[in-house]
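Below is one structure; the comments refer to it alone.
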Amino acid sequence: MNILYASSEALPFAASGGLADVAGSLPAAVCKAGHDCRVVMPLYKSIKPELREKLTFVTNFTVDVSWRKQYCGIFKGEANGVTYYLLDNEYYFGRDGLYGFYDDCERFVFFSRAILEMLRHIDFKPQVINCNDWQTALVPVYYEVFYRHQYGYDNIKTVFTIHNIQYQGKYGMEVLNEVIGIPMYHSKILVYDGCINLMKGAIETADKITTVSPSYAWEILDPWYSHGLDRALANKQYKLCGFLNGIDVDLYNPEKDPIIAKNFSAKNHKGKAECKKALLAECNLQEGDEPVIGIVTRFVSHKGIDLIKYVFEDILNLGYKFVILGSGEKIYEDFFREMAWRHPDKVYAYIGFNSELARRIYSAVDMFLMPSQSEPCGLAQMISLRYGTLPIVRETGGLRDSIKDAGSEGGNGFTFKTYNAHDMLDACRRAKDYYWSRDAWSKLVTHAMKCDFSWSTSAELYMGLYRELCGE
């Protein structure tokens with residue numbers, strides 16, 4: 001099968017979040033299975049010079065952006081056995097940063113239209129185009145409105161993957177004529193709740209809608225999780241399904257990771273104690289045998305930081321230490337700074353992001369806290385399992401699908417159901433009791449490290465969907 005994976009970011013070229021990890025790993029897994037999966041993304045200014053030097057220029061063409069005609073260049077490269085097409089336009093993508101500009105709607109209207117126009121100029125015809133999040137949501141819309149019946153565009157199926165339904169691409173009605181440029185008699189595809197909603201357009205026109213975990217697929221039918229799109233999804237739920245994301249098990253490998261203090265494995269995880277000792281020294285925390293909880297996250301409300309704030313000192317009183325890494329809303333940053341100042345021997349907070357420190361935290365701490373209000377998939381809990389660190393999570397989205405409570409069969413962490421601070425505190429209490437039962441804890445760590453969240457499993461599910469669409 002030929003699959004084109006359309007994404008606004010992808011490793012190793014550009015990344016701002018989990019979407020880049022998926023776009024860098026899933027196509028590679030699909031290619032390893034014997035299919036031809038290629039990635040298309042913008043050519044951002046932030047792409048490193050050493051990666052730019054390896055790209056080759058293919059051709060250029062013009063793209064209709066409503067009444068405008070804009071230049072687009074195609075550059076081609078390869079990474080991890082996957083062919084990448086990077087679309088160039090200095091006006092739209094020659095900026096510092098990936099998102100957050102006043103004309104983001106126009107930038108990704110251009111990108112979506114350019115993806116389809118590109119197919120006239122390359123030696124690759126996809127059977128399936130897999131689009132991701134609002135930045136590529138117009139691809140199935142444009143295909144339905146303009147391209148389906150054109151020569152060379154027949155029998156292309158579209159899949160739209162929702163990574164986070166909170167970000168939908170909502171704009172004023174004026175962009176319909178001024179930027180998007182579809183006929184007014186097709187406007188009902190995009191109009192929703194009095195505005196233009198790009199994600200709603202993809203829900204209407206894509207052949208299949210996927211989410212990044214099975215639980216998230218049914219959660220977003222509920223107004224609590226849908227951010228207003230539940231009505232649109234309820235009408236299209238016959239084409240909605242969810243597949244749990246995976247992680248790069250070669251990148252996150254405690255047996256070979258050069259960044260951690262001591263390598264270890266599921267068969268022999270004694271090296272984890274050395275990692276813990278080194279991390280405590282690095283963070284100037286008092287050395288001891290007490291359990292350490294790690295937090296690596298964005299400081300935003302839907303990550304459950306309010307629950308942590310409410311009972312933070314209660315958790316410390318249970319006998320825990322904390323190592324915290326993240327950034328986000330100032331109220332949360334200030335809270336963790338204050339906790340580190342109040343309890344310098346028990347709490348360390350790094351405000352910002354440091355990928356190497358993140359790996360050292362995953363490898364060294366005993367538990368990893370993720371009390372999310374909503375979590376489409378979550379990768380941190382899978383990474384922590386890979387390093388023998390047991391997650392404490394709320395049962396939502398991908399956390400529910402990947403973590404089972406230690407009190408149940410096949411348990412690999414500690415869970416709580418309701419969005420309640422004292423339920424989270426109880427999960428921390430149970431985790432501490434397990435920690436001091438050394439034999440039970442060691443068996444739990446061994447089992448956690450053997451859990452398989454590699455991309456090969458997830459890729460097979462996606463390939464099954466692609467085969468179904470193509471009638472193979």
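Naming works like this for the structure tokens: A, B, ... for the chains as they're shown, residue 1 at the start of each chain, ligands 1 onward in shown order.
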* Asked: Near A:Ala202, counting only C-alpha atoms, which residues have an atom at most 7 Å away, once you skip same-chain residues fewer than 5 positions from it, shown as a PyMOL selection string?
  -> chain A and resi 137-138+140-141+160
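Taking only stretch 360-408 of chain A, the residues that DSSP calls alpha helix (DSSP H) from the backbone come to A:Arg360, A:Ile361, A:Tyr362, A:Ser363, A:Ala364, A:Ala380, A:Gln381, A:Met382, A:Ile383, A:Ser384, A:Leu385, A:Arg386, A:Gly397, A:Gly398, A:Leu399, A:Arg400, A:Asp401, A:Ser402.
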Take the residues just selected and output them with N, CA, C and O atoms as an mmCIF file, in the first residue's frame.
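The new file selection-v8.cif reads:
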```
data_model
loop_
_atom_site.group_PDB
_atom_site.id
_atom_site.type_symbol
_atom_site.label_atom_id
_atom_site.label_comp_id
_atom_site.auth_asym_id
_atom_site.auth_seq_id
_atom_site.Cartn_x
_atom_site.Cartn_y
_atom_site.Cartn_z
ATOM 1 N N ARG A 360 16.685 11.200 32.551
ATOM 2 C CA ARG A 360 17.271 10.823 33.835
ATOM 3 C C ARG A 360 16.186 10.692 34.912
ATOM 4 O O ARG A 360 16.292 9.847 35.809
ATOM 5 N N ILE A 361 15.153 11.519 34.816
ATOM 6 C CA ILE A 361 14.035 11.398 35.764
ATOM 7 C C ILE A 361 13.285 10.096 35.532
ATOM 8 O O ILE A 361 13.012 9.343 36.477
ATOM 9 N N TYR A 362 12.948 9.798 34.285
ATOM 10 C CA TYR A 362 12.252 8.544 33.978
ATOM 11 C C TYR A 362 13.006 7.335 34.517
ATOM 12 O O TYR A 362 12.408 6.397 35.042
ATOM 13 N N SER A 363 14.322 7.366 34.395
ATOM 14 C CA SER A 363 15.129 6.194 34.764
ATOM 15 C C SER A 363 15.353 6.074 36.264
ATOM 16 O O SER A 363 15.612 4.974 36.765
ATOM 17 N N ALA A 364 15.240 7.181 36.998
ATOM 18 C CA ALA A 364 15.702 7.197 38.388
ATOM 19 C C ALA A 364 14.591 7.169 39.427
ATOM 20 O O ALA A 364 14.768 6.589 40.501
ATOM 21 N N ALA A 380 4.234 9.672 28.250
ATOM 22 C CA ALA A 380 5.112 9.673 29.417
ATOM 23 C C ALA A 380 4.928 8.422 30.268
ATOM 24 O O ALA A 380 5.893 7.871 30.798
ATOM 25 N N GLN A 381 3.678 7.951 30.403
ATOM 26 C CA GLN A 381 3.456 6.756 31.227
ATOM 27 C C GLN A 381 4.085 5.521 30.587
ATOM 28 O O GLN A 381 4.564 4.620 31.276
ATOM 29 N N MET A 382 4.117 5.472 29.243
ATOM 30 C CA MET A 382 4.742 4.341 28.551
ATOM 31 C C MET A 382 6.261 4.398 28.694
ATOM 32 O O MET A 382 6.922 3.371 28.889
ATOM 33 N N ILE A 383 6.801 5.617 28.589
ATOM 34 C CA ILE A 383 8.249 5.781 28.749
ATOM 35 C C ILE A 383 8.664 5.402 30.164
ATOM 36 O O ILE A 383 9.671 4.720 30.369
ATOM 37 N N SER A 384 7.881 5.838 31.152
ATOM 38 C CA SER A 384 8.236 5.522 32.537
ATOM 39 C C SER A 384 8.213 4.013 32.775
ATOM 40 O O SER A 384 9.091 3.474 33.464
ATOM 41 N N LEU A 385 7.231 3.301 32.207
ATOM 42 C CA LEU A 385 7.209 1.840 32.319
ATOM 43 C C LEU A 385 8.469 1.230 31.726
ATOM 44 O O LEU A 385 9.042 0.288 32.281
ATOM 45 N N ARG A 386 8.882 1.773 30.595
ATOM 46 C CA ARG A 386 10.083 1.256 29.908
ATOM 47 C C ARG A 386 11.309 1.331 30.830
ATOM 48 O O ARG A 386 12.203 0.487 30.757
ATOM 49 N N GLY A 397 -8.727 8.306 28.964
ATOM 50 C CA GLY A 397 -8.051 8.229 27.669
ATOM 51 C C GLY A 397 -7.027 7.128 27.597
ATOM 52 O O GLY A 397 -7.246 5.990 28.018
ATOM 53 N N GLY A 398 -5.853 7.472 27.051
ATOM 54 C CA GLY A 398 -4.785 6.495 26.880
ATOM 55 C C GLY A 398 -4.207 5.985 28.178
ATOM 56 O O GLY A 398 -3.607 4.905 28.218
ATOM 57 N N LEU A 399 -4.383 6.756 29.264
ATOM 58 C CA LEU A 399 -3.910 6.280 30.562
ATOM 59 C C LEU A 399 -4.707 5.053 30.996
ATOM 60 O O LEU A 399 -4.146 4.092 31.533
ATOM 61 N N ARG A 400 -6.012 5.081 30.752
ATOM 62 C CA ARG A 400 -6.849 3.925 31.079
ATOM 63 C C ARG A 400 -6.452 2.704 30.237
ATOM 64 O O ARG A 400 -6.459 1.567 30.719
ATOM 65 N N ASP A 401 -6.104 2.943 28.970
ATOM 66 C CA ASP A 401 -5.804 1.839 28.060
ATOM 67 C C ASP A 401 -4.423 1.238 28.282
ATOM 68 O O ASP A 401 -4.174 0.099 27.866
ATOM 69 N N SER A 402 -3.516 1.986 28.897
ATOM 70 C CA SER A 402 -2.137 1.497 29.027
ATOM 71 C C SER A 402 -1.750 1.085 30.442
ATOM 72 O O SER A 402 -0.824 0.290 30.617
#
```
* Looking at only C-alpha atoms, which of A:Gly294, A:Gly152, A:Gly410, A:Gly201 is the one that sits closest to A:His186? -> A:Gly201
* Option closest in space to A:Cys241, from A:Trp224, A:Tyr216, A:Phe146, A:Phe108 [counting only C-alpha atoms] ->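 Looking at the shortest contact to A:Cys241, the residue is A:Tyr216.
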* **A:Ala261 surroundings by only C-alpha atoms, 10 Å radius, close-in-sequence under 5 positions cut, as a ChimeraX atom specification** => /A:271-279,360,363-364
* Asked: Within 8 Å of A:Val393, counting only C-alpha atoms, which residues qualify if same-chain residues fewer than 5 places away don't, as a PyMOL selection string?
  -> chain A and resi 369-372+399+403+413-416
Within 10 Å of A:Lys450, counting only C-alpha atoms, which residues show up once you throw out same-chain ones fewer than 5 positions away? Write them as a PDB file with N, CA, C and O atoms, in the first residue's frame, please.
```
ATOM      1  N   SER A 265      18.189  -3.498  33.061  1.00  0.00           N
ATOM      2  CA  SER A 265      17.227  -4.219  32.229  1.00  0.00           C
ATOM      3  C   SER A 265      16.139  -4.821  33.105  1.00  0.00           C
ATOM      4  O   SER A 265      16.208  -4.773  34.338  1.00  0.00           O
ATOM      5  N   ALA A 266      15.131  -5.426  32.458  1.00  0.00           N
ATOM      6  CA  ALA A 266      14.050  -6.072  33.193  1.00  0.00           C
ATOM      7  C   ALA A 266      14.565  -7.262  33.997  1.00  0.00           C
ATOM      8  O   ALA A 266      14.054  -7.560  35.078  1.00  0.00           O
ATOM      9  N   LYS A 267      15.594  -7.927  33.492  1.00  0.00           N
ATOM     10  CA  LYS A 267      16.151  -9.081  34.199  1.00  0.00           C
ATOM     11  C   LYS A 267      16.991  -8.664  35.402  1.00  0.00           C
ATOM     12  O   LYS A 267      17.076  -9.374  36.397  1.00  0.00           O
ATOM     13  N   LEU A 385       7.231   3.301  32.207  1.00  0.00           N
ATOM     14  CA  LEU A 385       7.209   1.840  32.319  1.00  0.00           C
ATOM     15  C   LEU A 385       8.469   1.230  31.726  1.00  0.00           C
ATOM     16  O   LEU A 385       9.042   0.288  32.281  1.00  0.00           O
ATOM     17  N   ARG A 386       8.882   1.773  30.595  1.00  0.00           N
ATOM     18  CA  ARG A 386      10.083   1.256  29.908  1.00  0.00           C
ATOM     19  C   ARG A 386      11.309   1.331  30.830  1.00  0.00           C
ATOM     20  O   ARG A 386      12.203   0.487  30.757  1.00  0.00           O
ATOM     21  N   TYR A 387      11.334   2.353  31.710  1.00  0.00           N
ATOM     22  CA  TYR A 387      12.455   2.540  32.622  1.00  0.00           C
ATOM     23  C   TYR A 387      12.171   1.985  34.023  1.00  0.00           C
ATOM     24  O   TYR A 387      12.881   2.325  34.969  1.00  0.00           O
ATOM     25  N   GLY A 388      11.130   1.167  34.153  1.00  0.00           N
ATOM     26  CA  GLY A 388      10.853   0.542  35.439  1.00  0.00           C
ATOM     27  C   GLY A 388      10.311   1.485  36.485  1.00  0.00           C
ATOM     28  O   GLY A 388      10.416   1.223  37.689  1.00  0.00           O
ATOM     29  N   ASN A 412       0.318  -2.802  36.270  1.00  0.00           N
ATOM     30  CA  ASN A 412       1.632  -2.225  35.982  1.00  0.00           C
ATOM     31  C   ASN A 412       1.763  -0.801  36.518  1.00  0.00           C
ATOM     32  O   ASN A 412       2.623  -0.037  36.074  1.00  0.00           O
ATOM     33  N   VAL A 445       8.007  -4.008  39.095  1.00  0.00           N
ATOM     34  CA  VAL A 445       8.939  -3.290  38.218  1.00  0.00           C
ATOM     35  C   VAL A 445       9.329  -4.163  37.026  1.00  0.00           C
ATOM     36  O   VAL A 445       9.359  -3.704  35.875  1.00  0.00           O
TER      37      VAL A 445
END
```
* How far is it from atom CA of A:Leu357 to atom CA of A:Phe299, in Å with one decimal? ->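 According to the coordinates, atom CA of A:Leu357 and atom CA of A:Phe299 are separated by 16.9 Å.
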Please, which residues in stretch 15-104 of chain A fall within 12 Å of stretch 127-134 of chain A when counting only C-alpha atoms, and what is the closest atom pair and distance in Å to one decimal for each, ordered by chain then residue number, as JSON lines?
```
{"residue": "A:Gly18", "atom": "CA", "partner": "A:Asn132", "partner_atom": "CA", "distance": 11.6}
{"residue": "A:Leu19", "atom": "CA", "partner": "A:Asn132", "partner_atom": "CA", "distance": 8.1}
{"residue": "A:Ala20", "atom": "CA", "partner": "A:Asn132", "partner_atom": "CA", "distance": 10.4}
{"residue": "A:Val22", "atom": "CA", "partner": "A:Asn132", "partner_atom": "CA", "distance": 10.0}
{"residue": "A:Ala23", "atom": "CA", "partner": "A:Asn132", "partner_atom": "CA", "distance": 9.0}
{"residue": "A:Leu26", "atom": "CA", "partner": "A:Asn130", "partner_atom": "CA", "distance": 11.2}
{"residue": "A:Pro27", "atom": "CA", "partner": "A:Asn130", "partner_atom": "CA", "distance": 10.4}
{"residue": "A:His35", "atom": "CA", "partner": "A:Gln127", "partner_atom": "CA", "distance": 11.3}
{"residue": "A:Asp36", "atom": "CA", "partner": "A:Gln127", "partner_atom": "CA", "distance": 10.2}
{"residue": "A:Cys37", "atom": "CA", "partner": "A:Val128", "partner_atom": "CA", "distance": 9.4}
{"residue": "A:Arg38", "atom": "CA", "partner": "A:Ile129", "partner_atom": "CA", "distance": 9.7}
{"residue": "A:Val39", "atom": "CA", "partner": "A:Asn130", "partner_atom": "CA", "distance": 9.5}
{"residue": "A:Val40", "atom": "CA", "partner": "A:Cys131", "partner_atom": "CA", "distance": 9.9}
{"residue": "A:Met41", "atom": "CA", "partner": "A:Cys131", "partner_atom": "CA", "distance": 10.7}
{"residue": "A:Tyr99", "atom": "CA", "partner": "A:Trp134", "partner_atom": "CA", "distance": 11.9}
{"residue": "A:Asp104", "atom": "CA", "partner": "A:Trp134", "partner_atom": "CA", "distance": 10.7}
```
Serialized selection, N, CA, C and O atoms, as a compact mmCIF listing (two decimals), in the first residue's frame:
```txt
# COMPACT_ATOMS: atom_id res chain seq x y z
N GLY A 18 3.70 15.78 21.07
CA GLY A 18 3.60 14.35 20.79
C GLY A 18 3.29 14.03 19.34
O GLY A 18 3.63 12.94 18.85
N LEU A 19 2.65 14.95 18.60
CA LEU A 19 2.36 14.71 17.19
C LEU A 19 3.62 14.42 16.40
O LEU A 19 3.64 13.53 15.54
N ALA A 20 4.70 15.14 16.70
CA ALA A 20 5.96 14.93 15.99
C ALA A 20 6.53 13.54 16.25
O ALA A 20 7.10 12.91 15.36
N VAL A 22 4.75 10.84 16.90
CA VAL A 22 3.93 9.90 16.14
C VAL A 22 4.30 9.94 14.66
O VAL A 22 4.51 8.91 14.02
N ALA A 23 4.40 11.16 14.10
CA ALA A 23 4.70 11.31 12.68
C ALA A 23 6.11 10.85 12.34
O ALA A 23 6.41 10.56 11.18
N LEU A 26 5.40 6.27 13.49
CA LEU A 26 4.41 5.41 12.84
C LEU A 26 4.75 5.12 11.38
O LEU A 26 4.73 3.96 10.96
N PRO A 27 5.07 6.13 10.55
CA PRO A 27 5.42 5.83 9.16
C PRO A 27 6.62 4.88 9.04
O PRO A 27 6.65 4.02 8.15
N HIS A 35 5.30 -1.68 3.48
CA HIS A 35 4.48 -0.73 2.73
C HIS A 35 5.30 0.54 2.46
O HIS A 35 6.36 0.74 3.04
N ASP A 36 4.78 1.38 1.57
CA ASP A 36 5.45 2.64 1.25
C ASP A 36 4.67 3.77 1.90
O ASP A 36 3.64 4.22 1.41
N CYS A 37 5.15 4.23 3.05
CA CYS A 37 4.52 5.31 3.79
C CYS A 37 5.45 6.51 3.78
O CYS A 37 6.59 6.42 4.23
N ARG A 38 4.97 7.63 3.25
CA ARG A 38 5.78 8.84 3.15
C ARG A 38 5.13 9.96 3.96
O ARG A 38 3.92 9.95 4.17
N VAL A 39 5.95 10.91 4.38
CA VAL A 39 5.49 12.00 5.24
C VAL A 39 5.60 13.31 4.48
O VAL A 39 6.59 13.56 3.80
N VAL A 40 4.58 14.17 4.62
CA VAL A 40 4.65 15.52 4.08
C VAL A 40 4.45 16.50 5.22
O VAL A 40 3.57 16.33 6.06
N MET A 41 5.28 17.54 5.27
CA MET A 41 5.24 18.54 6.34
C MET A 41 5.80 19.85 5.81
O MET A 41 6.41 19.89 4.74
N TYR A 99 3.82 27.50 15.49
CA TYR A 99 2.43 27.95 15.58
C TYR A 99 2.34 29.23 16.39
O TYR A 99 3.33 29.72 16.91
N ASP A 104 -2.27 31.90 11.24
CA ASP A 104 -2.15 30.44 11.22
C ASP A 104 -3.19 29.78 10.33
O ASP A 104 -2.92 28.76 9.67
```
* Asked: Quick one: residues within 8 Å of stretch 111-114 of chain A, only C-alpha atoms counted, chain neighbours fewer than 2 positions away excluded, as a ChimeraX atom specification?
  -> /A:42,63-65,72,87,107-109,116-118,135-139,142
* Using backbone DSSP assignments, extract all strand (DSSP E or B) residues from stretch 100-193 of chain A; output them as a ChimeraX atom specification. => /A:128-132,157-162,170-171,191-192
* **A:Phe13, A:Tyr419, A:Tyr350, A:Phe243 ranked by distance to A:Lys303, top pick (using only C-alpha atoms)** =>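 That would be A:Tyr419, the residue with the smallest distance to A:Lys303.
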* Figure out the distance between atom CA of A:Phe110 and atom CA of A:Glu53, please, to one decimal in Å. =>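 According to the coordinates, atom CA of A:Glu53 and atom CA of A:Phe110 are separated by 24.7 Å.
Compared by their closest atoms to A:Gly304, and using only C-alpha atoms, the residues A:Ala349, A:Cys105, A:Met424, A:Leu280 rank with A:Met424 nearest.
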* Find the distance between atom CA of A:Ala406 and atom CA of A:Pro391 and write it in Å to one decimal. => 10.3 Å
* Restricting the calculation to only C-alpha atoms, which member of A:Pro126, A:Gly242, A:Pro258, A:Gly34 is positioned closest to A:Asp154? ->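 Distance minimum relative to A:Asp154 lands on A:Pro126.
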* 10 Å contact set for A:Tyr238, only C-alpha atoms, chain neighbours under 4 positions out, as a list in words ->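 Skipping anything fewer than 4 positions along the chain leaves Lys208, Ile209, Leu233 and Ala234 of chain A.
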